[in-house]
>>> print(open('structure18.pdb').read())   # PDB, C-alpha atoms
ATOM      1  CA  MET A 209      21.732  -2.506 -13.409
ATOM      2  CA  ALA A 210      20.006   0.137 -15.512
ATOM      3  CA  ASN A 211      16.681  -0.818 -13.932
ATOM      4  CA  ARG A 212      18.123  -0.329 -10.441
ATOM      5  CA  ILE A 213      19.474   3.097 -11.361
ATOM      6  CA  THR A 214      16.065   4.042 -12.752
ATOM      7  CA  ARG A 215      14.381   2.952  -9.517
ATOM      8  CA  LEU A 216      16.888   4.909  -7.450
ATOM      9  CA  GLY A 217      16.243   7.978  -9.586
ATOM     10  CA  GLY A 218      12.503   7.549  -9.030
ATOM     11  CA  LEU A 219      13.048   7.290  -5.265
ATOM     12  CA  LEU A 220      15.137  10.458  -5.161
ATOM     13  CA  ALA A 221      12.590  12.304  -7.310
ATOM     14  CA  ALA A 222       9.823  11.209  -4.907
ATOM     15  CA  TYR A 223      11.717  12.820  -2.022
ATOM     16  CA  GLN A 224      12.042  16.031  -3.999
ATOM     17  CA  ARG A 225       8.300  16.064  -4.687
ATOM     18  CA  ARG A 226       7.361  15.348  -1.082
ATOM     19  CA  ASP A 227       9.931  17.444   0.775
ATOM     20  CA  PRO A 228      10.270  21.183  -0.005
ATOM     21  CA  ALA A 229      13.670  21.180   1.751
ATOM     22  CA  ALA A 230      15.156  18.700  -0.745
ATOM     23  CA  ARG A 231      17.244  20.867  -3.069
ATOM     24  CA  SER A 232      18.850  18.236  -5.272
ATOM     25  CA  LYS A 233      18.968  14.496  -5.868
ATOM     26  CA  LEU A 234      22.591  14.431  -4.727
ATOM     27  CA  GLU A 235      21.658  16.017  -1.397
ATOM     28  CA  VAL A 236      18.852  13.486  -0.914
ATOM     29  CA  LEU A 237      21.113  10.559  -1.765
ATOM     30  CA  LEU A 238      23.912  11.596   0.564
ATOM     31  CA  LEU A 239      22.061  13.124   3.506
ATOM     32  CA  TYR A 240      18.569  11.643   3.836
ATOM     33  CA  GLN A 241      18.408   8.755   6.306
ATOM     34  CA  GLY A 242      15.121   7.546   4.824
ATOM     35  CA  VAL A 243      16.894   6.829   1.533
ATOM     36  CA  HIS A 244      19.752   5.093   3.333
ATOM     37  CA  ALA A 245      17.315   2.919   5.300
ATOM     38  CA  ILE A 246      15.560   1.819   2.112
ATOM     39  CA  LEU A 247      18.829   1.011   0.341
ATOM     40  CA  TRP A 248      20.102  -1.028   3.274
ATOM     41  CA  HIS A 249      16.740  -2.780   3.462
ATOM     42  CA  ARG A 250      16.961  -3.835  -0.193
ATOM     43  CA  LEU A 251      20.191  -5.657   0.639
ATOM     44  CA  ALA A 252      18.833  -7.114   3.881
ATOM     45  CA  HIS A 253      15.656  -8.313   2.151
ATOM     46  CA  TRP A 254      17.673 -10.029  -0.600
ATOM     47  CA  LEU A 255      19.711 -11.845   2.048
ATOM     48  CA  TYR A 256      16.519 -12.745   3.907
ATOM     49  CA  LEU A 257      14.898 -14.249   0.804
ATOM     50  CA  HIS A 258      18.036 -16.304   0.129
ATOM     51  CA  ARG A 259      17.976 -17.635   3.702
ATOM     52  CA  PHE A 260      21.015 -15.721   4.932
ATOM     53  CA  ARG A 261      18.912 -14.737   7.929
ATOM     54  CA  PHE A 262      21.740 -13.856  10.307
ATOM     55  CA  LEU A 263      23.428 -11.597   7.751
ATOM     56  CA  ALA A 264      20.070 -10.065   6.918
ATOM     57  CA  ARG A 265      19.474  -9.123  10.561
ATOM     58  CA  LEU A 266      23.040  -7.860  10.849
ATOM     59  CA  VAL A 267      22.499  -5.470   7.931
ATOM     60  CA  SER A 268      19.140  -4.440   9.397
ATOM     61  CA  GLN A 269      20.679  -3.653  12.783
ATOM     62  CA  TRP A 270      23.504  -1.721  11.134
ATOM     63  CA  SER A 271      20.950   0.359   9.255
ATOM     64  CA  ARG A 272      18.971   0.928  12.468
ATOM     65  CA  PHE A 273      22.109   2.128  14.248
ATOM     66  CA  TRP A 274      22.945   4.694  11.552
ATOM     67  CA  THR A 275      19.477   5.866  10.549
ATOM     68  CA  GLY A 276      17.205   5.387  13.582
ATOM     69  CA  ILE A 277      14.800   3.501  11.324
ATOM     70  CA  GLU A 278      14.123  -0.167  12.074
ATOM     71  CA  ILE A 279      12.890  -2.262   9.148
ATOM     72  CA  HIS A 280      12.793  -6.025   9.543
ATOM     73  CA  PRO A 281      14.497  -7.781   6.607
ATOM     74  CA  GLY A 282      11.301  -9.742   5.899
ATOM     75  CA  ALA A 283       9.170  -6.646   5.273
ATOM     76  CA  LYS A 284       8.049  -6.102   1.670
ATOM     77  CA  ILE A 285       8.427  -2.512   0.485
ATOM     78  CA  GLY A 286       7.269  -1.157  -2.868
ATOM     79  CA  HIS A 287       8.734   1.598  -5.006
ATOM     80  CA  ARG A 288       9.280   5.246  -4.083
ATOM     81  CA  LEU A 289       8.573   4.957  -0.358
ATOM     82  CA  VAL A 290       9.369   8.285   1.329
ATOM     83  CA  ILE A 291      10.257   8.156   5.033
ATOM     84  CA  ASP A 292      10.284  11.794   6.146
ATOM     85  CA  HIS A 293      12.849  12.369   8.948
ATOM     86  CA  GLY A 294      12.184   8.784   9.986
ATOM     87  CA  MET A 295      13.589   8.631  13.523
ATOM     88  CA  GLY A 296      11.748   5.965  15.499
ATOM     89  CA  VAL A 297       9.993   4.315  12.539
ATOM     90  CA  VAL A 298       9.480   0.571  13.105
ATOM     91  CA  ILE A 299       8.309  -1.789  10.343
ATOM     92  CA  GLY A 300       7.620  -5.410  11.283
ATOM     93  CA  GLU A 301       8.597  -8.659   9.585
ATOM     94  CA  THR A 302       5.333  -9.396   7.753
ATOM     95  CA  ALA A 303       4.469  -5.779   6.955
ATOM     96  CA  GLU A 304       3.858  -4.904   3.313
ATOM     97  CA  ILE A 305       4.008  -1.398   1.830
ATOM     98  CA  GLY A 306       2.777  -0.465  -1.639
ATOM     99  CA  ASP A 307       4.114   2.121  -4.068
ATOM    100  CA  ASP A 308       4.340   5.904  -3.512
ATOM    101  CA  CYS A 309       3.649   5.824   0.237
ATOM    102  CA  LEU A 310       4.709   8.521   2.701
ATOM    103  CA  ILE A 311       5.614   7.725   6.313
ATOM    104  CA  TYR A 312       6.558  10.307   8.951
ATOM    105  CA  GLN A 313       8.714   9.889  12.052
ATOM    106  CA  GLY A 314       7.675   7.696  14.952
ATOM    107  CA  VAL A 315       5.356   5.453  12.930
ATOM    108  CA  THR A 316       4.961   1.791  13.891
ATOM    109  CA  LEU A 317       3.701  -0.908  11.550
ATOM    110  CA  GLY A 318       3.463  -3.605  14.170
ATOM    111  CA  GLY A 319       1.478  -6.491  15.587
ATOM    112  CA  THR A 320      -0.605  -6.985  18.705
ATOM    113  CA  GLY A 321       1.444  -9.932  19.934
ATOM    114  CA  LYS A 322      -1.419 -12.403  19.521
ATOM    115  CA  GLU A 323      -1.261 -13.351  15.840
ATOM    116  CA  GLN A 324       0.652 -16.147  14.133
ATOM    117  CA  GLY A 325       1.982 -15.996  10.578
ATOM    118  CA  LYS A 326       0.922 -12.688   9.045
ATOM    119  CA  ARG A 327       1.148 -10.348  12.046
ATOM    120  CA  HIS A 328       1.698  -6.885  10.616
ATOM    121  CA  PRO A 329      -0.349  -4.503   8.436
ATOM    122  CA  THR A 330      -0.398  -4.114   4.684
ATOM    123  CA  LEU A 331      -0.417  -0.603   3.210
ATOM    124  CA  GLY A 332      -1.814  -0.087  -0.266
ATOM    125  CA  ASP A 333      -0.484   2.428  -2.793
ATOM    126  CA  ASN A 334      -0.199   6.162  -2.049
ATOM    127  CA  VAL A 335      -0.900   5.809   1.679
ATOM    128  CA  LEU A 336       0.110   8.624   4.058
ATOM    129  CA  VAL A 337       0.862   7.805   7.698
ATOM    130  CA  GLY A 338       1.283  10.808  10.012
ATOM    131  CA  SER A 339       3.950  11.149  12.696
ATOM    132  CA  GLY A 340       3.545   8.939  15.737
ATOM    133  CA  ALA A 341       0.744   6.843  14.250
ATOM    134  CA  LYS A 342       0.548   3.165  15.207
ATOM    135  CA  ILE A 343      -0.962   0.599  12.858
ATOM    136  CA  LEU A 344      -1.211  -2.704  14.707
ATOM    137  CA  GLY A 345      -2.463  -5.987  13.282
ATOM    138  CA  PRO A 346      -2.601  -8.087  10.101
ATOM    139  CA  PHE A 347      -5.172  -6.018   8.204
ATOM    140  CA  ARG A 348      -5.049  -3.790   5.127
ATOM    141  CA  VAL A 349      -4.963  -0.018   4.830
ATOM    142  CA  GLY A 350      -6.443   0.718   1.410
ATOM    143  CA  ASP A 351      -5.027   2.737  -1.468
ATOM    144  CA  ASN A 352      -4.931   6.534  -1.001
ATOM    145  CA  ALA A 353      -5.786   6.231   2.711
ATOM    146  CA  ARG A 354      -4.631   8.880   5.196
ATOM    147  CA  ILE A 355      -3.739   8.098   8.819
ATOM    148  CA  ALA A 356      -3.556  11.204  11.021
ATOM    149  CA  SER A 357      -0.706  11.892  13.432
ATOM    150  CA  GLY A 358      -0.976  10.011  16.726
ATOM    151  CA  ALA A 359      -3.745   7.714  15.510
ATOM    152  CA  VAL A 360      -3.858   4.109  16.701
ATOM    153  CA  VAL A 361      -5.306   1.949  13.939
ATOM    154  CA  LEU A 362      -6.568  -1.471  15.060
ATOM    155  CA  ARG A 363      -8.778  -2.476  12.140
ATOM    156  CA  GLU A 364      -8.963  -2.203   8.354
ATOM    157  CA  VAL A 365      -9.109   1.218   6.729
ATOM    158  CA  PRO A 366     -10.903   1.259   3.339
ATOM    159  CA  GLU A 367      -9.317   2.960   0.358
ATOM    160  CA  ASN A 368      -9.686   6.728  -0.042
ATOM    161  CA  CYS A 369     -10.459   7.142   3.669
ATOM    162  CA  THR A 370      -8.930   9.236   6.463
ATOM    163  CA  ALA A 371      -8.610   7.753   9.968
ATOM    164  CA  VAL A 372      -8.199   9.860  13.127
ATOM    165  CA  GLY A 373      -8.112   9.190  16.864
ATOM    166  CA  VAL A 374      -7.423   6.515  19.498
ATOM    167  CA  PRO A 375      -8.662   4.052  18.496
ATOM    168  CA  ALA A 376      -8.793   5.419  14.955
ATOM    169  CA  GLN A 377     -12.153   6.123  13.332
ATOM    170  CA  ILE A 378     -13.005   7.025   9.749
ATOM    171  CA  VAL A 379     -13.642  10.762   9.340
ATOM    172  CA  ARG A 380     -13.380  11.049   5.556
ATOM    173  CA  ARG A 381     -14.634   8.576   2.972
ATOM    174  CA  SER A 382     -14.282   8.635  -0.812
ATOM    175  CA  GLY A 383     -13.445  12.312  -0.847
ATOM    176  CA  LYS A 384     -16.439  13.306   1.286
ATOM    177  CA  PRO A 385     -15.359  14.570   4.706
ATOM    178  CA  VAL A 386     -17.415  13.774   7.768
ATOM    179  CA  TYR A 387     -15.911  16.238  10.241
ATOM    180  CA  PHE A 388     -13.767  18.635   8.223
ATOM    181  CA  ALA A 389     -13.425  19.685   4.599
ATOM    182  CA  ASP A 390      -9.731  19.853   3.786
ATOM    183  CA  ASP A 391      -7.140  17.102   3.552
ATOM    184  CA  VAL A 392      -5.816  15.690   6.803
ATOM    185  CA  ASP A 393      -4.296  18.451   8.941
ATOM    186  CA  HIS A 394      -1.832  16.996  11.431
ATOM    187  CA  THR A 395      -2.103  19.960  13.818
ATOM    188  CA  SER A 396      -5.834  20.661  14.081
ATOM    189  CA  VAL A 397      -7.851  17.557  13.234
ATOM    190  CA  SER A 398     -11.022  17.056  15.245
ATOM    191  CA  ASN A 399     -11.288  14.041  17.519
ATOM    192  CA  PRO A 400     -14.620  12.242  17.027
ATOM    193  CA  THR A 401     -14.257  10.356  20.314
ATOM    194  CA  LEU A 402     -13.927  13.568  22.333
ATOM    195  CA  GLU A 403     -16.854  15.092  20.448
ATOM    196  CA  ARG A 404     -19.092  12.141  21.342
ATOM    197  CA  ILE A 405     -17.984  12.232  24.981
ATOM    198  CA  ALA A 406     -18.837  15.946  25.110
ATOM    199  CA  ALA A 407     -22.263  15.249  23.606
ATOM    200  CA  LEU A 408     -22.924  12.497  26.181
ATOM    201  CA  ALA A 409     -21.825  14.783  29.009
ATOM    202  CA  GLY A 410     -24.310  17.408  27.829
ATOM    203  CA  ARG A 411     -27.085  14.823  27.667
ATOM    204  CA  VAL A 412     -26.309  13.560  31.190
ATOM    205  CA  ALA A 413     -26.434  17.126  32.539
ATOM    206  CA  GLU A 414     -29.817  17.624  30.861
ATOM    207  CA  LEU A 415     -31.218  14.401  32.351
ATOM    208  CA  GLU A 416     -29.917  15.275  35.816
ATOM    209  CA  LYS A 417     -31.694  18.628  35.595
ATOM    210  CA  LYS A 418     -34.975  16.929  34.691
ATOM    211  CA  LEU A 419     -34.546  14.376  37.474
ATOM    212  CA  ASP A 420     -34.006  17.188  39.943
ATOM    213  CA  MET A 421     -37.311  18.734  38.817
ATOM    214  CA  TYR A 422     -39.134  15.478  39.651
ATOM    215  CA  LYS A 423     -37.568  15.409  43.095
ATOM    216  CA  ASN A 424     -38.522  19.061  43.628
ATOM    217  CA  PRO A 425     -41.864  19.497  41.814
ATOM    218  CA  VAL A 426     -42.491  22.769  40.022
ATOM    219  CA  HIS A 427     -45.460  24.928  40.934
ATOM    220  CA  THR A 428     -47.056  25.521  37.537
ATOM    221  CA  VAL A 429     -48.181  23.316  34.685
ATOM    222  CA  ASP A 430     -46.146  25.343  32.190
ATOM    223  CA  GLU A 431     -42.972  24.945  34.212
ATOM    224  CA  TYR A 432     -43.619  21.207  34.555
ATOM    225  CA  ASP A 433     -44.111  20.766  30.804
ATOM    226  CA  ASP A 434     -40.686  22.274  30.157
ATOM    227  CA  TYR A 435     -39.014  19.385  31.983
ATOM    228  CA  VAL A 436     -41.013  16.371  30.821
ATOM    229  CA  ILE A 437     -38.727  13.696  29.366
TER     230      ILE A 437
END
>>> encode(input="structure18.pdb", output="structure tokens")
Amino acid sequence: MANRITRLGGLLAAYQRRDPAARSKLEVLLLYQGVHAILWHRLAHWLYLHRFRFLARLVSQWSRFWTGIEIHPGAKIGHRLVIDHGMGVVIGETAEIGDDCLIYQGVTLGGTGKEQGKRHPTLGDNVLVGSGAKILGPFRVGDNARIASGAVVLREVPENCTAVGVPAQIVRRSGKPVYFADDVDHTSVSNPTLERIAALAGRVAELEKKLDMYKNPVHTVDEYDDYVI
């Protein structure tokens, strides 16, 4: 019993650290749906492990109705998970979440519909998943990874990396950013896919200009040299 109270205290303290609007542990306990979803899930998971599967799903559906957060009873969740706001979060049956993770609203930890057995992702410790991100498949997202808002992650993300885009690509690795210097910014992250498309469009325009010069030959050697491929 004392151990459970200690874990609950750690969960409430994690919300206070992560959320500037959290004024007290009592407020978090009574009013934060993320906390309620986790507490209901602990009960549902216990029932699931003891093969009370119908009761486990009943508790899960009750929690979904009251919190807007859907966590399958079979999902394995570590300590001090913070679900910020949480509306629309979906966590699948074989998903696993490590300690000290932070998940924003609209996140899906789901499958692609093609796998058998382990179908959902595994998050390591201290992983941040931005609002609206989708992580789909039975792969691992490493410790301290950051998934930007709206990203669609379809393959493994190494530890200490930041993934951005659709499909998600690594833009920061081991503390060394590739496209931007600060920690993941959910409102102004660059999109590497769009940047590459823009670069290709510029290259195509350049090649079309050179091709046009061949169709309409220039009059001087100097002008011709400027357009040789």
>>> resolve_selection(input="structure18.pdb", expression="the PyMOL selection byres ((chain A and resi 356) around 7)", output="ChimeraX atom specification")
/A:337-338,341,354-355,357-359,371-372,392,394
>>> resolve_selection(input="structure18.pdb", expression="the PyMOL selection byres ((chain A and resi 218-232) around 10)", output="ChimeraX atom specification")
/A:212-217,233-237,239-240,242-243,246,287-292,308-310
>>> residues_around(input="structure18.pdb", residues="Ser339 in chain A", least_positions_apart="6", cutoff="6 Å", atoms="all atoms listed in the file", output="NGL selection string")
:A and (312-315 or 357)
>>> closest_residue(input="structure18.pdb", among="A:Lys284, A:Arg261, A:Lys322, A:His249", to="Glu304 in chain A", atoms="all atoms listed in the file")
A:Lys284
>>> resolve_selection(input="structure18.pdb", expression="the PyMOL selection byres ((chain A and resi 330) around 12)", output="ChimeraX atom specification")
/A:283-286,299-307,309,317-319,326-329,331-333,335,343-351,353,363-366
>>> atom_distance(input="structure18.pdb", atom1="CA of Ile311 in chain A", atom2="CA of Tyr256 in chain A")
23.3 Å
>>> atom_distance(input="structure18.pdb", atom1="CA of Pro375 in chain A", atom2="CA of Leu362 in chain A")
6.8 Å
>>> axis_aligned_box(input="structure18.pdb", around="range 240-254 of chain A", padding_each_side="6 Å", output="AutoDock Vina command-line options")
--center_x 17.7 --center_y 0.8 --center_z 2.9 --size_x 17.1 --size_y 33.7 --size_z 18.9
>>> closest_residue(input="structure18.pdb", among="A:Ile378, A:Leu336, A:Phe262, A:Glu416", to="Thr401 in chain A", atoms="only C-alpha atoms")
A:Ile378
>>> build_atoms(input="structure18.pdb", residues="range 237-248 of chain A", atoms="all heavy atoms", output="short mmCIF file (atom, residue, chain, number, x, y, z; two decimals), in the coordinates of the input")
data_model
loop_
_atom_site.label_atom_id
_atom_site.label_comp_id
_atom_site.auth_asym_id
_atom_site.auth_seq_id
_atom_site.Cartn_x
_atom_site.Cartn_y
_atom_site.Cartn_z
N LEU A 237 20.38 11.82 -1.78
CA LEU A 237 21.11 10.56 -1.76
C LEU A 237 22.14 10.51 -0.63
O LEU A 237 22.28 9.48 0.04
CB LEU A 237 21.81 10.35 -3.11
CG LEU A 237 22.68 9.10 -3.23
CD1 LEU A 237 21.84 7.84 -3.07
CD2 LEU A 237 23.42 9.08 -4.56
N LEU A 238 22.82 11.60 -0.40
CA LEU A 238 23.91 11.60 0.56
C LEU A 238 23.46 11.86 2.00
O LEU A 238 24.09 11.37 2.94
CB LEU A 238 24.97 12.64 0.17
CG LEU A 238 25.69 12.40 -1.16
CD1 LEU A 238 26.68 13.52 -1.42
CD2 LEU A 238 26.39 11.04 -1.16
N LEU A 239 22.37 12.61 2.18
CA LEU A 239 22.06 13.12 3.51
C LEU A 239 20.73 12.67 4.10
O LEU A 239 20.47 12.96 5.27
CB LEU A 239 22.09 14.66 3.48
CG LEU A 239 23.41 15.30 3.02
CD1 LEU A 239 23.28 16.81 3.02
CD2 LEU A 239 24.56 14.85 3.91
N TYR A 240 19.90 12.01 3.33
CA TYR A 240 18.57 11.64 3.84
C TYR A 240 18.58 10.22 4.37
O TYR A 240 18.77 9.26 3.62
CB TYR A 240 17.52 11.81 2.73
CG TYR A 240 17.03 13.22 2.58
CD1 TYR A 240 17.91 14.28 2.36
CD2 TYR A 240 15.67 13.52 2.66
CE1 TYR A 240 17.46 15.58 2.23
CE2 TYR A 240 15.21 14.82 2.52
CZ TYR A 240 16.11 15.84 2.32
OH TYR A 240 15.66 17.13 2.19
N GLN A 241 18.34 10.08 5.69
CA GLN A 241 18.41 8.76 6.31
C GLN A 241 17.31 7.82 5.82
O GLN A 241 17.47 6.60 5.85
CB GLN A 241 18.38 8.86 7.84
CG GLN A 241 17.08 9.36 8.44
CD GLN A 241 17.06 10.85 8.65
OE1 GLN A 241 17.63 11.60 7.87
NE2 GLN A 241 16.42 11.28 9.72
N GLY A 242 16.18 8.39 5.37
CA GLY A 242 15.12 7.55 4.82
C GLY A 242 15.58 6.79 3.59
O GLY A 242 15.27 5.61 3.42
N VAL A 243 16.34 7.48 2.73
CA VAL A 243 16.89 6.83 1.53
C VAL A 243 17.89 5.75 1.94
O VAL A 243 17.87 4.63 1.41
CB VAL A 243 17.56 7.87 0.61
CG1 VAL A 243 18.29 7.18 -0.54
CG2 VAL A 243 16.53 8.85 0.08
N HIS A 244 18.76 6.07 2.89
CA HIS A 244 19.75 5.09 3.33
C HIS A 244 19.08 3.85 3.91
O HIS A 244 19.50 2.72 3.64
CB HIS A 244 20.66 5.73 4.39
CG HIS A 244 21.37 6.95 3.91
ND1 HIS A 244 21.95 7.86 4.75
CD2 HIS A 244 21.59 7.41 2.65
CE1 HIS A 244 22.50 8.84 4.05
NE2 HIS A 244 22.29 8.60 2.77
N ALA A 245 18.01 4.06 4.70
CA ALA A 245 17.32 2.92 5.30
C ALA A 245 16.71 2.01 4.23
O ALA A 245 16.76 0.78 4.35
CB ALA A 245 16.23 3.42 6.25
N ILE A 246 16.15 2.61 3.19
CA ILE A 246 15.56 1.82 2.11
C ILE A 246 16.64 1.04 1.36
O ILE A 246 16.47 -0.16 1.04
CB ILE A 246 14.78 2.73 1.14
CG1 ILE A 246 13.53 3.30 1.83
CG2 ILE A 246 14.36 1.95 -0.10
CD1 ILE A 246 12.54 2.27 2.29
N LEU A 247 17.76 1.69 1.07
CA LEU A 247 18.83 1.01 0.34
C LEU A 247 19.40 -0.15 1.15
O LEU A 247 19.64 -1.23 0.60
CB LEU A 247 19.92 2.01 -0.02
CG LEU A 247 19.51 3.12 -0.99
CD1 LEU A 247 20.68 4.06 -1.26
CD2 LEU A 247 18.98 2.54 -2.31
N TRP A 248 19.63 0.06 2.43
CA TRP A 248 20.10 -1.03 3.27
C TRP A 248 19.06 -2.14 3.35
O TRP A 248 19.40 -3.33 3.37
CB TRP A 248 20.42 -0.52 4.68
CG TRP A 248 21.73 0.21 4.80
CD1 TRP A 248 21.90 1.52 5.13
CD2 TRP A 248 23.04 -0.32 4.60
NE1 TRP A 248 23.24 1.85 5.15
CE2 TRP A 248 23.96 0.72 4.83
CE3 TRP A 248 23.52 -1.57 4.25
CZ2 TRP A 248 25.33 0.56 4.71
CZ3 TRP A 248 24.90 -1.75 4.14
CH2 TRP A 248 25.79 -0.70 4.37
#
